[in-house]
file my_file-v7.cif (mmCIF, C-alpha atoms)
data_target
#
loop_
_atom_site.group_PDB
_atom_site.id
_atom_site.type_symbol
_atom_site.label_atom_id
_atom_site.label_comp_id
_atom_site.auth_asym_id
_atom_site.auth_seq_id
_atom_site.Cartn_x
_atom_site.Cartn_y
_atom_site.Cartn_z
ATOM 1 C CA MET A 1 -43.174 -77.406 -111.050
ATOM 2 C CA THR A 2 -42.597 -80.657 -109.180
ATOM 3 C CA ILE A 3 -40.564 -80.652 -106.000
ATOM 4 C CA GLN A 4 -37.251 -82.439 -106.458
ATOM 5 C CA ILE A 5 -35.460 -84.224 -103.638
ATOM 6 C CA PHE A 6 -31.777 -84.934 -104.221
ATOM 7 C CA GLY A 7 -30.240 -87.435 -101.809
ATOM 8 C CA THR A 8 -29.383 -91.071 -101.274
ATOM 9 C CA ALA A 9 -31.486 -94.031 -100.199
ATOM 10 C CA LYS A 10 -29.364 -94.537 -97.067
ATOM 11 C CA CYS A 11 -29.658 -90.914 -95.878
ATOM 12 C CA LYS A 12 -32.089 -90.551 -92.942
ATOM 13 C CA ALA A 13 -32.724 -86.874 -93.657
ATOM 14 C CA THR A 14 -33.505 -87.633 -97.308
ATOM 15 C CA ARG A 15 -36.000 -90.302 -96.270
ATOM 16 C CA ALA A 16 -37.510 -87.825 -93.773
ATOM 17 C CA ALA A 17 -37.983 -85.262 -96.568
ATOM 18 C CA GLN A 18 -39.624 -87.857 -98.799
ATOM 19 C CA ARG A 19 -41.934 -88.890 -95.943
ATOM 20 C CA PHE A 20 -42.733 -85.229 -95.148
ATOM 21 C CA PHE A 21 -44.017 -84.558 -98.670
ATOM 22 C CA ALA A 22 -45.719 -87.971 -99.012
ATOM 23 C CA GLU A 23 -47.700 -87.303 -95.814
ATOM 24 C CA ARG A 24 -48.966 -84.101 -97.444
ATOM 25 C CA SER A 25 -49.765 -85.863 -100.742
ATOM 26 C CA ILE A 26 -47.318 -83.684 -102.650
ATOM 27 C CA ALA A 27 -45.698 -85.280 -105.683
ATOM 28 C CA VAL A 28 -41.922 -85.305 -105.657
ATOM 29 C CA GLN A 29 -39.214 -86.350 -108.050
ATOM 30 C CA LYS A 30 -36.521 -88.348 -106.246
ATOM 31 C CA ILE A 31 -32.998 -88.072 -107.596
ATOM 32 C CA ASP A 32 -30.425 -90.475 -106.163
ATOM 33 C CA LEU A 33 -27.068 -88.705 -106.023
ATOM 34 C CA ARG A 34 -25.306 -92.050 -106.375
ATOM 35 C CA GLU A 35 -26.759 -92.275 -109.887
ATOM 36 C CA LYS A 36 -27.032 -88.657 -111.028
ATOM 37 C CA GLY A 37 -25.717 -85.382 -109.692
ATOM 38 C CA LEU A 38 -26.847 -81.824 -110.202
ATOM 39 C CA SER A 39 -26.098 -80.129 -113.493
ATOM 40 C CA LYS A 40 -23.959 -76.985 -113.439
ATOM 41 C CA GLY A 41 -27.093 -74.829 -113.816
ATOM 42 C CA GLU A 42 -28.979 -76.696 -111.081
ATOM 43 C CA LEU A 43 -26.008 -76.397 -108.741
ATOM 44 C CA ALA A 44 -25.771 -72.644 -109.362
ATOM 45 C CA SER A 45 -29.523 -72.185 -108.825
ATOM 46 C CA VAL A 46 -29.559 -74.161 -105.570
ATOM 47 C CA ALA A 47 -26.415 -72.397 -104.332
ATOM 48 C CA ARG A 48 -28.073 -68.994 -104.898
ATOM 49 C CA ALA A 49 -31.160 -70.147 -102.981
ATOM 50 C CA VAL A 50 -29.288 -71.496 -99.944
ATOM 51 C CA GLY A 51 -26.538 -68.919 -99.558
ATOM 52 C CA GLY A 52 -23.672 -70.188 -101.661
ATOM 53 C CA LEU A 53 -21.735 -73.307 -102.535
ATOM 54 C CA SER A 54 -20.253 -73.648 -99.052
ATOM 55 C CA ALA A 55 -23.764 -74.298 -97.670
ATOM 56 C CA LEU A 56 -23.995 -77.301 -99.996
ATOM 57 C CA TYR A 57 -20.626 -78.843 -99.098
ATOM 58 C CA ASP A 58 -20.944 -81.531 -96.403
ATOM 59 C CA ARG A 59 -17.662 -81.277 -94.505
ATOM 60 C CA GLU A 60 -18.814 -84.065 -92.158
ATOM 61 C CA SER A 61 -19.664 -86.648 -94.804
ATOM 62 C CA PRO A 62 -17.772 -89.929 -94.950
ATOM 63 C CA ARG A 63 -17.036 -89.123 -98.605
ATOM 64 C CA VAL A 64 -14.948 -86.099 -97.545
ATOM 65 C CA ARG A 65 -12.749 -88.388 -95.435
ATOM 66 C CA GLU A 66 -12.578 -91.043 -98.190
ATOM 67 C CA ARG A 67 -11.252 -88.429 -100.596
ATOM 68 C CA GLY A 68 -8.833 -86.945 -98.050
ATOM 69 C CA LEU A 69 -10.535 -83.544 -98.081
ATOM 70 C CA GLN A 70 -11.128 -83.220 -94.327
ATOM 71 C CA HIS A 71 -8.219 -80.802 -93.886
ATOM 72 C CA SER A 72 -8.881 -78.700 -96.947
ATOM 73 C CA ALA A 73 -11.378 -75.905 -97.335
ATOM 74 C CA PRO A 74 -12.182 -75.714 -101.039
ATOM 75 C CA THR A 75 -13.887 -72.533 -102.206
ATOM 76 C CA GLY A 76 -15.060 -70.923 -105.417
ATOM 77 C CA ALA A 77 -14.338 -72.708 -108.660
ATOM 78 C CA ARG A 78 -12.533 -75.593 -106.906
ATOM 79 C CA LEU A 79 -15.557 -76.272 -104.684
ATOM 80 C CA GLU A 80 -17.920 -76.062 -107.650
ATOM 81 C CA ALA A 81 -15.765 -78.540 -109.585
ATOM 82 C CA LEU A 82 -15.676 -80.949 -106.633
ATOM 83 C CA LEU A 83 -19.460 -80.846 -106.177
ATOM 84 C CA LEU A 84 -20.098 -81.383 -109.891
ATOM 85 C CA GLU A 85 -17.541 -84.196 -110.073
ATOM 86 C CA ASP A 86 -18.655 -85.976 -106.885
ATOM 87 C CA PRO A 87 -22.284 -85.357 -105.854
ATOM 88 C CA LEU A 88 -21.781 -87.417 -102.683
ATOM 89 C CA LEU A 89 -19.959 -84.389 -101.233
ATOM 90 C CA LEU A 90 -23.275 -82.508 -101.143
ATOM 91 C CA ARG A 91 -25.280 -82.026 -97.942
ATOM 92 C CA THR A 92 -28.506 -83.935 -98.219
ATOM 93 C CA PRO A 93 -31.306 -83.725 -98.794
ATOM 94 C CA ILE A 94 -31.493 -80.919 -101.293
ATOM 95 C CA VAL A 95 -35.170 -80.069 -101.721
ATOM 96 C CA ARG A 96 -35.813 -77.865 -104.724
ATOM 97 C CA ASP A 97 -38.835 -76.248 -106.319
ATOM 98 C CA GLY A 98 -37.727 -74.033 -109.187
ATOM 99 C CA ALA A 99 -35.581 -71.202 -107.820
ATOM 100 C CA ARG A 100 -36.452 -72.041 -104.184
ATOM 101 C CA ALA A 101 -34.414 -74.652 -102.339
ATOM 102 C CA ALA A 102 -33.496 -76.002 -98.923
ATOM 103 C CA VAL A 103 -30.556 -78.113 -97.886
ATOM 104 C CA GLY A 104 -30.224 -80.541 -94.989
ATOM 105 C CA PRO A 105 -32.946 -81.486 -92.514
ATOM 106 C CA ALA A 106 -34.804 -78.155 -92.770
ATOM 107 C CA GLU A 107 -38.436 -78.927 -91.952
ATOM 108 C CA GLU A 108 -39.449 -75.259 -91.718
ATOM 109 C CA ALA A 109 -38.176 -74.651 -95.248
ATOM 110 C CA TRP A 110 -39.934 -77.825 -96.415
ATOM 111 C CA LYS A 111 -43.198 -76.432 -95.020
ATOM 112 C CA GLU A 112 -42.750 -73.269 -97.081
ATOM 113 C CA LEU A 113 -42.041 -75.324 -100.208
ATOM 114 C CA ALA A 114 -45.080 -77.525 -99.506
ATOM 115 C CA GLU A 115 -47.330 -74.488 -99.054
ATOM 116 C CA ALA A 116 -46.072 -72.975 -102.302
ATOM 117 C CA ALA A 117 -46.588 -76.289 -104.123
ATOM 118 C CA THR A 118 -50.189 -76.594 -102.936
ATOM 119 C CA ARG A 119 -50.995 -73.001 -104.016
ATOM 120 C CA THR A 120 -50.054 -73.643 -107.625
#
call {"tool": "encode", "arguments": {"input": "my_file-v7.cif", "output": "structure tokens"}}
result
Amino acid sequence: MTIQIFGTAKCKATRAAQRFFAERSIAVQKIDLREKGLSKGELASVARAVGGLSALYDRESPRVRERGLQHSAPTGARLEALLLEDPLLLRTPIVRDGARAAVGPAEEAWKELAEAATRT
């Protein structure tokens, strides 16, 4: 399975993840969250891998302020709906390889994903 990197072109951490895998000659599929978000199944899979939906919600993103969500703490079904409706609320990058995933600038987790990708 190819490693997928979900993020945006302007995100420094997303570019760092892309560079990390390129330096190791590991093929990745880049998905720009401005164009396409995660499907409901992908979101559920990534959430399971990283410890829940709250780990995916970027409370510090400019998009949270734009939408007036900075004083709310969505959870459960409401949070899932928000993340499916507006992928720019997700922490980036989301690096995914099947059922394994990492969110944010998590170089140690990227190393594990890279090692697993080179073994297969």
call {"tool": "closest_residue", "arguments": {"input": "my_file-v7.cif", "among": "A:Gln29, A:Ala55, A:Glu115, A:Arg100", "to": "Gly7 in chain A", "atoms": "all atoms listed in the file"}}
result
A:Gln29
call {"tool": "closest_residue", "arguments": {"input": "my_file-v7.cif", "among": "A:Leu83, A:Leu56, A:Ala27, A:Ala17", "to": "Glu108 in chain A", "atoms": "all atoms listed in the file"}}
result
A:Ala17
call {"tool": "resolve_selection", "arguments": {"input": "my_file-v7.cif", "expression": "the PyMOL selection byres ((chain A and resi 70) around 12)", "output": "ChimeraX atom specification"}}
result
/A:57-69,71-74,89
call {"tool": "resolve_selection", "arguments": {"input": "my_file-v7.cif", "expression": "the PyMOL selection byres ((chain A and resi 88) around 7)", "output": "list in words"}}
result
Leu33, Arg34, Arg63, Asp86, Pro87, Leu89 and Leu90 of chain A
call {"tool": "closest_residue", "arguments": {"input": "my_file-v7.cif", "among": "A:Val46, A:Ile5, A:Ala114, A:Ala81", "to": "Ala99 in chain A", "atoms": "only C-alpha atoms"}}
result
A:Val46
call {"tool": "atom_distance", "arguments": {"input": "my_file-v7.cif", "atom1": "CA of Thr92 in chain A", "atom2": "CA of Gly37 in chain A"}}
result
11.9 Å
call {"tool": "atom_distance", "arguments": {"input": "my_file-v7.cif", "atom1": "CA of Arg48 in chain A", "atom2": "CA of Gln4 in chain A"}}
result
16.4 Å
call {"tool": "resolve_selection", "arguments": {"input": "my_file-v7.cif", "expression": "the PyMOL selection byres ((chain A and resi 49-52) around 12)", "output": "JSON, numbers by chain"}}
result
{"A": [42, 43, 44, 45, 46, 47, 48, 53, 54, 55, 56, 57, 75, 76, 77, 79, 80, 91, 94, 95, 96, 97, 98, 99, 100, 101, 102, 103, 104, 106, 109]}
call {"tool": "decode", "arguments": {"input": "my_file-v7.cif", "residues": "range 64-83 of chain A", "atoms": "N, CA and C atoms", "output": "PDB file, in the first residue's frame"}}
result
ATOM      1  N   VAL A  64     -10.569  27.335  12.255  1.00  0.00           N
ATOM      2  CA  VAL A  64     -11.411  27.267  13.453  1.00  0.00           C
ATOM      3  C   VAL A  64     -11.905  28.668  13.801  1.00  0.00           C
ATOM      4  N   ARG A  65     -10.999  29.643  13.758  1.00  0.00           N
ATOM      5  CA  ARG A  65     -11.389  31.030  14.055  1.00  0.00           C
ATOM      6  C   ARG A  65     -12.329  31.585  12.984  1.00  0.00           C
ATOM      7  N   GLU A  66     -12.033  31.289  11.702  1.00  0.00           N
ATOM      8  CA  GLU A  66     -12.892  31.760  10.609  1.00  0.00           C
ATOM      9  C   GLU A  66     -14.332  31.285  10.782  1.00  0.00           C
ATOM     10  N   ARG A  67     -14.477  30.060  11.266  1.00  0.00           N
ATOM     11  CA  ARG A  67     -15.812  29.483  11.425  1.00  0.00           C
ATOM     12  C   ARG A  67     -16.423  29.784  12.782  1.00  0.00           C
ATOM     13  N   GLY A  68     -15.703  30.498  13.644  1.00  0.00           N
ATOM     14  CA  GLY A  68     -16.227  30.860  14.956  1.00  0.00           C
ATOM     15  C   GLY A  68     -16.316  29.692  15.920  1.00  0.00           C
ATOM     16  N   LEU A  69     -15.424  28.719  15.761  1.00  0.00           N
ATOM     17  CA  LEU A  69     -15.458  27.512  16.592  1.00  0.00           C
ATOM     18  C   LEU A  69     -14.458  27.547  17.745  1.00  0.00           C
ATOM     19  N   GLN A  70     -13.722  28.645  17.900  1.00  0.00           N
ATOM     20  CA  GLN A  70     -12.658  28.689  18.900  1.00  0.00           C
ATOM     21  C   GLN A  70     -13.151  28.532  20.334  1.00  0.00           C
ATOM     22  N   HIS A  71     -14.404  28.809  20.590  1.00  0.00           N
ATOM     23  CA  HIS A  71     -14.925  28.689  21.959  1.00  0.00           C
ATOM     24  C   HIS A  71     -15.814  27.466  22.141  1.00  0.00           C
ATOM     25  N   SER A  72     -15.885  26.646  21.111  1.00  0.00           N
ATOM     26  CA  SER A  72     -16.688  25.432  21.244  1.00  0.00           C
ATOM     27  C   SER A  72     -15.746  24.235  21.326  1.00  0.00           C
ATOM     28  N   ALA A  73     -16.242  23.169  21.827  1.00  0.00           N
ATOM     29  CA  ALA A  73     -15.458  21.938  21.934  1.00  0.00           C
ATOM     30  C   ALA A  73     -16.295  20.791  21.383  1.00  0.00           C
ATOM     31  N   PRO A  74     -16.416  20.737  20.046  1.00  0.00           N
ATOM     32  CA  PRO A  74     -17.247  19.681  19.463  1.00  0.00           C
ATOM     33  C   PRO A  74     -16.684  18.296  19.770  1.00  0.00           C
ATOM     34  N   THR A  75     -17.572  17.352  19.974  1.00  0.00           N
ATOM     35  CA  THR A  75     -17.169  15.971  20.245  1.00  0.00           C
ATOM     36  C   THR A  75     -18.095  15.031  19.483  1.00  0.00           C
ATOM     37  N   GLY A  76     -17.717  13.770  19.453  1.00  0.00           N
ATOM     38  CA  GLY A  76     -18.571  12.729  18.901  1.00  0.00           C
ATOM     39  C   GLY A  76     -19.046  12.988  17.493  1.00  0.00           C
ATOM     40  N   ALA A  77     -20.333  12.791  17.292  1.00  0.00           N
ATOM     41  CA  ALA A  77     -20.929  12.902  15.963  1.00  0.00           C
ATOM     42  C   ALA A  77     -20.796  14.314  15.397  1.00  0.00           C
ATOM     43  N   ARG A  78     -20.885  15.330  16.249  1.00  0.00           N
ATOM     44  CA  ARG A  78     -20.750  16.722  15.784  1.00  0.00           C
ATOM     45  C   ARG A  78     -19.338  16.968  15.244  1.00  0.00           C
ATOM     46  N   LEU A  79     -18.327  16.469  15.956  1.00  0.00           N
ATOM     47  CA  LEU A  79     -16.948  16.635  15.510  1.00  0.00           C
ATOM     48  C   LEU A  79     -16.714  15.875  14.203  1.00  0.00           C
ATOM     49  N   GLU A  80     -17.229  14.665  14.122  1.00  0.00           N
ATOM     50  CA  GLU A  80     -17.090  13.883  12.897  1.00  0.00           C
ATOM     51  C   GLU A  80     -17.722  14.631  11.721  1.00  0.00           C
ATOM     52  N   ALA A  81     -18.902  15.167  11.919  1.00  0.00           N
ATOM     53  CA  ALA A  81     -19.593  15.906  10.855  1.00  0.00           C
ATOM     54  C   ALA A  81     -18.787  17.126  10.424  1.00  0.00           C
ATOM     55  N   LEU A  82     -18.232  17.852  11.394  1.00  0.00           N
ATOM     56  CA  LEU A  82     -17.422  19.031  11.069  1.00  0.00           C
ATOM     57  C   LEU A  82     -16.198  18.651  10.240  1.00  0.00           C
ATOM     58  N   LEU A  83     -15.510  17.582  10.637  1.00  0.00           N
ATOM     59  CA  LEU A  83     -14.288  17.175   9.940  1.00  0.00           C
ATOM     60  C   LEU A  83     -14.581  16.645   8.538  1.00  0.00           C
TER      61      LEU A  83
END
